[in-house]
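structure_30.pdb (PDB, C-alpha atoms)
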```pdb
ATOM      1  CA  MET A   1      86.528 -35.736 -73.439  1.00  0.00           C
ATOM      2  CA  LYS A   2      86.789 -36.441 -69.676  1.00  0.00           C
ATOM      3  CA  ARG A   3      85.997 -32.789 -68.951  1.00  0.00           C
ATOM      4  CA  LEU A   4      82.982 -32.931 -71.237  1.00  0.00           C
ATOM      5  CA  ILE A   5      81.644 -36.088 -69.564  1.00  0.00           C
ATOM      6  CA  GLY A   6      82.455 -34.778 -66.085  1.00  0.00           C
ATOM      7  CA  GLY A   7      80.830 -31.421 -66.844  1.00  0.00           C
ATOM      8  CA  GLY A   8      77.780 -33.164 -68.308  1.00  0.00           C
ATOM      9  CA  LEU A   9      77.492 -35.388 -65.235  1.00  0.00           C
ATOM     10  CA  ALA A  10      77.741 -32.390 -62.909  1.00  0.00           C
ATOM     11  CA  LEU A  11      75.094 -30.554 -64.930  1.00  0.00           C
ATOM     12  CA  ALA A  12      72.808 -33.603 -64.814  1.00  0.00           C
ATOM     13  CA  MET A  13      73.248 -33.845 -61.026  1.00  0.00           C
ATOM     14  CA  VAL A  14      72.379 -30.168 -60.621  1.00  0.00           C
ATOM     15  CA  ALA A  15      69.291 -30.650 -62.800  1.00  0.00           C
ATOM     16  CA  MET A  16      68.236 -33.684 -60.729  1.00  0.00           C
ATOM     17  CA  VAL A  17      68.610 -31.756 -57.494  1.00  0.00           C
ATOM     18  CA  GLY A  18      66.552 -28.929 -58.993  1.00  0.00           C
ATOM     19  CA  LEU A  19      63.826 -31.362 -59.996  1.00  0.00           C
ATOM     20  CA  THR A  20      63.787 -32.933 -56.550  1.00  0.00           C
ATOM     21  CA  PHE A  21      62.991 -29.646 -54.864  1.00  0.00           C
ATOM     22  CA  ALA A  22      61.038 -27.830 -57.578  1.00  0.00           C
ATOM     23  CA  GLY A  23      57.704 -29.502 -56.771  1.00  0.00           C
ATOM     24  CA  GLU A  24      58.250 -29.998 -53.055  1.00  0.00           C
ATOM     25  CA  ALA A  25      55.058 -29.373 -51.110  1.00  0.00           C
ATOM     26  CA  LEU A  26      54.942 -27.172 -48.061  1.00  0.00           C
ATOM     27  CA  LYS A  27      56.757 -28.742 -45.128  1.00  0.00           C
ATOM     28  CA  LYS A  28      57.056 -28.164 -41.389  1.00  0.00           C
ATOM     29  CA  GLY A  29      57.965 -24.571 -40.597  1.00  0.00           C
ATOM     30  CA  ASP A  30      56.977 -23.120 -43.985  1.00  0.00           C
ATOM     31  CA  SER A  31      54.597 -20.169 -44.026  1.00  0.00           C
ATOM     32  CA  VAL A  32      51.119 -20.846 -45.373  1.00  0.00           C
ATOM     33  CA  GLY A  33      50.275 -18.298 -48.021  1.00  0.00           C
ATOM     34  CA  ALA A  34      47.049 -16.705 -49.125  1.00  0.00           C
ATOM     35  CA  PHE A  35      44.858 -18.109 -51.891  1.00  0.00           C
ATOM     36  CA  HIS A  36      41.251 -17.593 -52.893  1.00  0.00           C
ATOM     37  CA  VAL A  37      38.409 -20.071 -53.033  1.00  0.00           C
ATOM     38  CA  GLU A  38      34.686 -20.124 -53.667  1.00  0.00           C
ATOM     39  CA  LYS A  39      32.586 -21.462 -50.795  1.00  0.00           C
ATOM     40  CA  ILE A  40      30.369 -24.338 -51.929  1.00  0.00           C
ATOM     41  CA  GLY A  41      28.949 -25.295 -48.520  1.00  0.00           C
ATOM     42  CA  GLY A  42      29.648 -26.511 -45.003  1.00  0.00           C
ATOM     43  CA  ALA A  43      30.777 -24.240 -42.138  1.00  0.00           C
ATOM     44  CA  THR A  44      27.213 -23.047 -41.734  1.00  0.00           C
ATOM     45  CA  GLU A  45      28.016 -20.578 -38.942  1.00  0.00           C
ATOM     46  CA  ASP A  46      31.172 -18.917 -40.273  1.00  0.00           C
ATOM     47  CA  GLY A  47      29.394 -15.868 -41.721  1.00  0.00           C
ATOM     48  CA  VAL A  48      30.419 -16.677 -45.298  1.00  0.00           C
ATOM     49  CA  ASP A  49      27.697 -17.168 -47.884  1.00  0.00           C
ATOM     50  CA  VAL A  50      27.710 -20.023 -50.385  1.00  0.00           C
ATOM     51  CA  GLY A  51      29.121 -18.668 -53.642  1.00  0.00           C
ATOM     52  CA  GLU A  52      31.283 -16.059 -51.890  1.00  0.00           C
ATOM     53  CA  ASN A  53      34.903 -15.785 -53.040  1.00  0.00           C
ATOM     54  CA  LEU A  54      37.426 -15.291 -50.244  1.00  0.00           C
ATOM     55  CA  CYS A  55      40.689 -16.377 -48.671  1.00  0.00           C
ATOM     56  CA  TYR A  56      39.772 -18.815 -45.854  1.00  0.00           C
ATOM     57  CA  ARG A  57      43.450 -19.064 -44.960  1.00  0.00           C
ATOM     58  CA  CYS A  58      43.435 -15.290 -44.385  1.00  0.00           C
ATOM     59  CA  MET A  59      40.111 -15.313 -42.554  1.00  0.00           C
ATOM     60  CA  TYR A  60      41.392 -17.964 -40.138  1.00  0.00           C
ATOM     61  CA  GLY A  61      44.623 -16.027 -39.573  1.00  0.00           C
ATOM     62  CA  ASN A  62      46.893 -17.639 -36.989  1.00  0.00           C
ATOM     63  CA  ARG A  63      44.240 -20.063 -35.726  1.00  0.00           C
ATOM     64  CA  PRO A  64      45.081 -23.763 -35.770  1.00  0.00           C
ATOM     65  CA  MET A  65      43.722 -25.131 -39.041  1.00  0.00           C
ATOM     66  CA  VAL A  66      43.538 -28.197 -41.214  1.00  0.00           C
ATOM     67  CA  MET A  67      43.574 -27.510 -44.948  1.00  0.00           C
ATOM     68  CA  ILE A  68      42.614 -30.397 -47.196  1.00  0.00           C
ATOM     69  CA  PHE A  69      43.288 -30.353 -50.925  1.00  0.00           C
ATOM     70  CA  THR A  70      41.547 -33.221 -52.653  1.00  0.00           C
ATOM     71  CA  ASN A  71      40.849 -34.579 -56.100  1.00  0.00           C
ATOM     72  CA  GLU A  72      38.451 -37.146 -54.651  1.00  0.00           C
ATOM     73  CA  VAL A  73      35.387 -36.931 -52.436  1.00  0.00           C
ATOM     74  CA  ASP A  74      34.687 -40.606 -51.920  1.00  0.00           C
ATOM     75  CA  GLY A  75      36.374 -43.347 -49.892  1.00  0.00           C
ATOM     76  CA  GLU A  76      37.533 -42.046 -46.513  1.00  0.00           C
ATOM     77  CA  VAL A  77      37.502 -38.348 -47.418  1.00  0.00           C
ATOM     78  CA  PRO A  78      33.939 -37.859 -46.053  1.00  0.00           C
ATOM     79  CA  THR A  79      35.013 -39.681 -42.881  1.00  0.00           C
ATOM     80  CA  LEU A  80      37.911 -37.251 -42.462  1.00  0.00           C
ATOM     81  CA  VAL A  81      35.526 -34.307 -42.873  1.00  0.00           C
ATOM     82  CA  GLN A  82      33.117 -35.834 -40.311  1.00  0.00           C
ATOM     83  CA  GLN A  83      35.960 -36.444 -37.834  1.00  0.00           C
ATOM     84  CA  LEU A  84      37.158 -32.845 -38.232  1.00  0.00           C
ATOM     85  CA  ASP A  85      33.587 -31.588 -37.780  1.00  0.00           C
ATOM     86  CA  GLN A  86      33.411 -33.484 -34.484  1.00  0.00           C
ATOM     87  CA  ALA A  87      36.814 -32.224 -33.339  1.00  0.00           C
ATOM     88  CA  ILE A  88      35.874 -28.613 -34.100  1.00  0.00           C
ATOM     89  CA  GLU A  89      32.607 -28.981 -32.196  1.00  0.00           C
ATOM     90  CA  LYS A  90      34.211 -30.689 -29.168  1.00  0.00           C
ATOM     91  CA  ASN A  91      37.126 -28.265 -28.975  1.00  0.00           C
ATOM     92  CA  SER A  92      35.515 -24.930 -29.742  1.00  0.00           C
ATOM     93  CA  ASP A  93      37.775 -23.211 -27.186  1.00  0.00           C
ATOM     94  CA  SER A  94      40.846 -24.144 -29.276  1.00  0.00           C
ATOM     95  CA  ARG A  95      39.383 -22.202 -32.244  1.00  0.00           C
ATOM     96  CA  LEU A  96      40.338 -25.071 -34.567  1.00  0.00           C
ATOM     97  CA  ALA A  97      39.222 -24.409 -38.144  1.00  0.00           C
ATOM     98  CA  SER A  98      39.223 -26.450 -41.311  1.00  0.00           C
ATOM     99  CA  PHE A  99      38.383 -26.183 -44.971  1.00  0.00           C
ATOM    100  CA  VAL A 100      38.503 -28.529 -47.918  1.00  0.00           C
ATOM    101  CA  SER A 101      39.546 -27.342 -51.376  1.00  0.00           C
ATOM    102  CA  VAL A 102      38.076 -29.739 -53.921  1.00  0.00           C
ATOM    103  CA  MET A 103      39.967 -29.818 -57.190  1.00  0.00           C
ATOM    104  CA  GLY A 104      39.144 -31.341 -60.559  1.00  0.00           C
ATOM    105  CA  GLU A 105      39.814 -31.212 -64.257  1.00  0.00           C
ATOM    106  CA  SER A 106      37.673 -28.071 -64.467  1.00  0.00           C
ATOM    107  CA  GLN A 107      35.879 -25.675 -62.136  1.00  0.00           C
ATOM    108  CA  GLU A 108      32.553 -27.311 -63.051  1.00  0.00           C
ATOM    109  CA  ASP A 109      33.903 -30.786 -62.226  1.00  0.00           C
ATOM    110  CA  ALA A 110      35.330 -29.569 -58.913  1.00  0.00           C
ATOM    111  CA  LYS A 111      32.086 -27.798 -57.949  1.00  0.00           C
ATOM    112  CA  ALA A 112      30.015 -30.905 -58.675  1.00  0.00           C
ATOM    113  CA  LYS A 113      32.297 -33.005 -56.468  1.00  0.00           C
ATOM    114  CA  ALA A 114      32.363 -30.332 -53.754  1.00  0.00           C
ATOM    115  CA  GLN A 115      28.566 -30.178 -53.603  1.00  0.00           C
ATOM    116  CA  GLN A 116      28.509 -33.906 -52.767  1.00  0.00           C
ATOM    117  CA  LEU A 117      30.909 -33.393 -49.885  1.00  0.00           C
ATOM    118  CA  ALA A 118      29.227 -30.193 -48.644  1.00  0.00           C
ATOM    119  CA  LYS A 119      26.080 -32.124 -47.716  1.00  0.00           C
ATOM    120  CA  GLN A 120      28.038 -33.815 -44.925  1.00  0.00           C
ATOM    121  CA  ALA A 121      29.893 -30.831 -43.454  1.00  0.00           C
ATOM    122  CA  LYS A 122      28.673 -28.632 -40.620  1.00  0.00           C
ATOM    123  CA  HIS A 123      31.827 -26.898 -39.321  1.00  0.00           C
ATOM    124  CA  VAL A 124      34.283 -27.634 -42.150  1.00  0.00           C
ATOM    125  CA  ALA A 125      34.024 -25.268 -45.132  1.00  0.00           C
ATOM    126  CA  ILE A 126      33.879 -26.988 -48.511  1.00  0.00           C
ATOM    127  CA  THR A 127      35.407 -24.869 -51.252  1.00  0.00           C
ATOM    128  CA  VAL A 128      36.766 -24.868 -54.778  1.00  0.00           C
ATOM    129  CA  PRO A 129      40.064 -23.014 -55.263  1.00  0.00           C
ATOM    130  CA  ASN A 130      40.198 -20.302 -57.917  1.00  0.00           C
ATOM    131  CA  GLU A 131      43.229 -22.091 -59.373  1.00  0.00           C
ATOM    132  CA  VAL A 132      41.830 -25.380 -60.720  1.00  0.00           C
ATOM    133  CA  HIS A 133      44.715 -27.499 -59.387  1.00  0.00           C
ATOM    134  CA  GLY A 134      45.108 -25.603 -56.131  1.00  0.00           C
ATOM    135  CA  PRO A 135      47.294 -22.676 -55.167  1.00  0.00           C
ATOM    136  CA  LYS A 136      50.581 -22.616 -57.077  1.00  0.00           C
ATOM    137  CA  ASN A 137      52.456 -21.309 -54.027  1.00  0.00           C
ATOM    138  CA  TYR A 138      51.613 -24.559 -52.168  1.00  0.00           C
ATOM    139  CA  ASN A 139      53.365 -26.782 -54.765  1.00  0.00           C
ATOM    140  CA  LEU A 140      50.686 -29.458 -54.506  1.00  0.00           C
ATOM    141  CA  ASP A 141      51.387 -32.755 -56.248  1.00  0.00           C
ATOM    142  CA  SER A 142      48.854 -32.988 -59.065  1.00  0.00           C
ATOM    143  CA  ASP A 143      49.055 -36.797 -58.852  1.00  0.00           C
ATOM    144  CA  ALA A 144      48.028 -36.878 -55.175  1.00  0.00           C
ATOM    145  CA  GLY A 145      44.510 -37.904 -54.287  1.00  0.00           C
ATOM    146  CA  VAL A 146      44.494 -35.963 -51.023  1.00  0.00           C
ATOM    147  CA  THR A 147      46.952 -33.581 -49.363  1.00  0.00           C
ATOM    148  CA  VAL A 148      46.384 -32.531 -45.751  1.00  0.00           C
ATOM    149  CA  ILE A 149      48.266 -29.506 -44.438  1.00  0.00           C
ATOM    150  CA  MET A 150      48.037 -28.816 -40.714  1.00  0.00           C
ATOM    151  CA  ALA A 151      49.052 -25.316 -39.674  1.00  0.00           C
ATOM    152  CA  SER A 152      49.083 -23.054 -36.652  1.00  0.00           C
ATOM    153  CA  LYS A 153      50.264 -19.477 -36.201  1.00  0.00           C
ATOM    154  CA  GLY A 154      50.662 -19.209 -39.972  1.00  0.00           C
ATOM    155  CA  LYS A 155      53.212 -22.046 -40.176  1.00  0.00           C
ATOM    156  CA  VAL A 156      52.971 -25.623 -41.366  1.00  0.00           C
ATOM    157  CA  ILE A 157      53.003 -28.169 -38.539  1.00  0.00           C
ATOM    158  CA  SER A 158      52.771 -31.191 -40.848  1.00  0.00           C
ATOM    159  CA  THR A 159      51.870 -32.245 -44.377  1.00  0.00           C
ATOM    160  CA  HIS A 160      50.379 -35.595 -45.381  1.00  0.00           C
ATOM    161  CA  LYS A 161      50.043 -36.677 -48.992  1.00  0.00           C
ATOM    162  CA  PHE A 162      47.982 -39.674 -50.092  1.00  0.00           C
ATOM    163  CA  GLY A 163      47.904 -41.091 -53.597  1.00  0.00           C
ATOM    164  CA  PRO A 164      44.609 -41.621 -55.423  1.00  0.00           C
ATOM    165  CA  GLY A 165      42.451 -44.027 -53.417  1.00  0.00           C
ATOM    166  CA  GLU A 166      45.039 -44.282 -50.609  1.00  0.00           C
ATOM    167  CA  MET A 167      43.111 -42.343 -47.944  1.00  0.00           C
ATOM    168  CA  CYS A 168      42.259 -45.110 -45.459  1.00  0.00           C
ATOM    169  CA  ALA A 169      40.653 -45.361 -42.012  1.00  0.00           C
ATOM    170  CA  GLY A 170      44.122 -45.499 -40.444  1.00  0.00           C
ATOM    171  CA  CYS A 171      45.105 -42.386 -42.399  1.00  0.00           C
ATOM    172  CA  VAL A 172      42.082 -40.523 -41.034  1.00  0.00           C
ATOM    173  CA  ALA A 173      42.907 -41.685 -37.494  1.00  0.00           C
ATOM    174  CA  GLY A 174      46.510 -40.531 -37.963  1.00  0.00           C
ATOM    175  CA  VAL A 175      45.455 -37.043 -39.062  1.00  0.00           C
ATOM    176  CA  VAL A 176      42.950 -36.720 -36.220  1.00  0.00           C
ATOM    177  CA  ALA A 177      45.562 -37.936 -33.700  1.00  0.00           C
ATOM    178  CA  GLU A 178      47.788 -35.020 -34.738  1.00  0.00           C
ATOM    179  CA  LEU A 179      45.203 -32.333 -33.914  1.00  0.00           C
ATOM    180  CA  PRO A 180      46.617 -31.730 -30.396  1.00  0.00           C
ATOM    181  CA  LYS A 181      49.927 -30.665 -32.018  1.00  0.00           C
ATOM    182  CA  LEU A 182      48.125 -27.653 -33.482  1.00  0.00           C
ATOM    183  CA  ALA A 183      47.413 -26.258 -30.026  1.00  0.00           C
ATOM    184  CA  ASN A 184      51.096 -25.905 -29.163  1.00  0.00           C
TER
END
```

Could the structure of this file be written out as structure tokens, please?
Amino acid sequence: MKRLIGGGLALAMVAMVGLTFAGEALKKGDSVGAFHVEKIGGATEDGVDVGENLCYRCMYGNRPMVMIFTNEVDGEVPTLVQQLDQAIEKNSDSRLASFVSVMGESQEDAKAKAQQLAKQAKHVAITVPNEVHGPKNYNLDSDAGVTVIMASKGKVISTHKFGPGEMCAGCVAGVVAELPKLAN
């Protein structure tokens, strides 16, 4: 009986450890993989037409980049896009790039939300990922409102996850304050 309980407890602990890591989002040092999106708007001078399907991650290569995966386009999300637009414009020599992947319950829902956000973006590309809930290889938390992944040279520098409605002015300031880390 003790062996059965002990074995069951060990199996449960292994299962818990597996669950802890199974959905873990990309973290510092991880490689950022390829995934395809449809451009909805923004990034007016990047040579990509609205409606084109491509891999922005691939197009940007090893450049410093901010990838935003969001289920919401209200609150402080437009402010984050505006702040990134300004940073890209001010620091054109750093070749900083950014794109937002707007997600939703369906492609139609995501596109409608993305079109709202695209009206405000000049340098940041607004996209909808081909996979409705974002790229599987990024292990995004489907319960998150916004996930920001900052990468350079093909590796994650930092990941920030905000629950629904949690993106705040301080959160935006924190993300923007980290932009110099991408240059290193």

### Query
Using only C-alpha atoms, which of the listed residues (A:Val81, A:Lys113, A:Gly104, A:Ala118) sits closest to Val50 in chain A?
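Result for the nearest residue to Val50 in chain A: A:Ala118.
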
### Task
Evaluate the PyMOL selection byres ((chain A and resi 78) around 12) and record the selected residues as a PyMOL selection string, following the chain and residue labels used in the document.
chain A and resi 68+70+72-77+79-85+100+113-114+116-122+124+126+146+167-169+172

### Task
Kindly resolve the PyMOL selection byres ((chain A and resi 148) around 10) on the present coordinates and return the residues as a VMD selection string.
chain A and resid 66 to 70 100 146 to 147 149 to 151 158 to 162 175

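Counting all atoms listed in the file, the residue from A:Leu26, A:Asn71, A:Lys90, A:Met103 that sits nearest to Ala144 in chain A is A:Asn71.
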
### CA of Ala125 in chain A to CA of Gly29 in chain A, distance in Å rounded to a single decimal
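CA of Gly29 in chain A lies 24.4 Å from CA of Ala125 in chain A.
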
### Query
Nearest to Leu182 in chain A among A:Ser31, A:Ser94, A:Ser101, A:Thr44, with distances taken over all atoms listed in the file: which residue is it?
A:Ser94

### Message
When you count all atoms listed in the file, which of these residues is closest to Glu108 in chain A: A:Ile40, A:Lys153, A:His123, A:Lys181?
### Response
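The shortest atom-to-atom distance to Glu108 in chain A comes from A:Ile40.
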
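We find CA of Tyr56 in chain A and CA of Phe35 in chain A to be spaced 7.9 Å apart.
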
### Query
What is the distance, in Å and to one decimal place, between CA of Ser106 in chain A and CA of His133 in chain A?
8.7 Å

### Query
Given the choices A:Lys27, A:Leu54, A:Ile157, A:Gly41, which gets closest to Asn130 in chain A if the distance is worked out from only C-alpha atoms?
A:Leu54

### Message
Under the rule that all atoms listed in the file are counted, which of A:Ala177, A:Asp141, A:Gly134, A:Pro64 is the nearest residue to Ala34 in chain A?
### Response
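Once distances to Ala34 in chain A are computed over all atoms listed in the file, the minimum belongs to A:Gly134.
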
### Message
List the spatial neighbours of Glu38 in chain A as a PyMOL selection string - criterion: any atom at most 6 Å away, all atoms listed in the file, same-chain residues fewer than 2 positions off excluded.
### Response
chain A and resi 51-53+127-128

May I have the centre and edge lengths, in Å to one decimal, of an axis-aligned box around the listed atoms of range 51-67 of chain A with 3 Å added to every side, as AutoDock Vina command-line options?
```
--center_x 38.0 --center_y -21.7 --center_z -44.7 --size_x 23.8 --size_y 18.9 --size_z 23.9
```
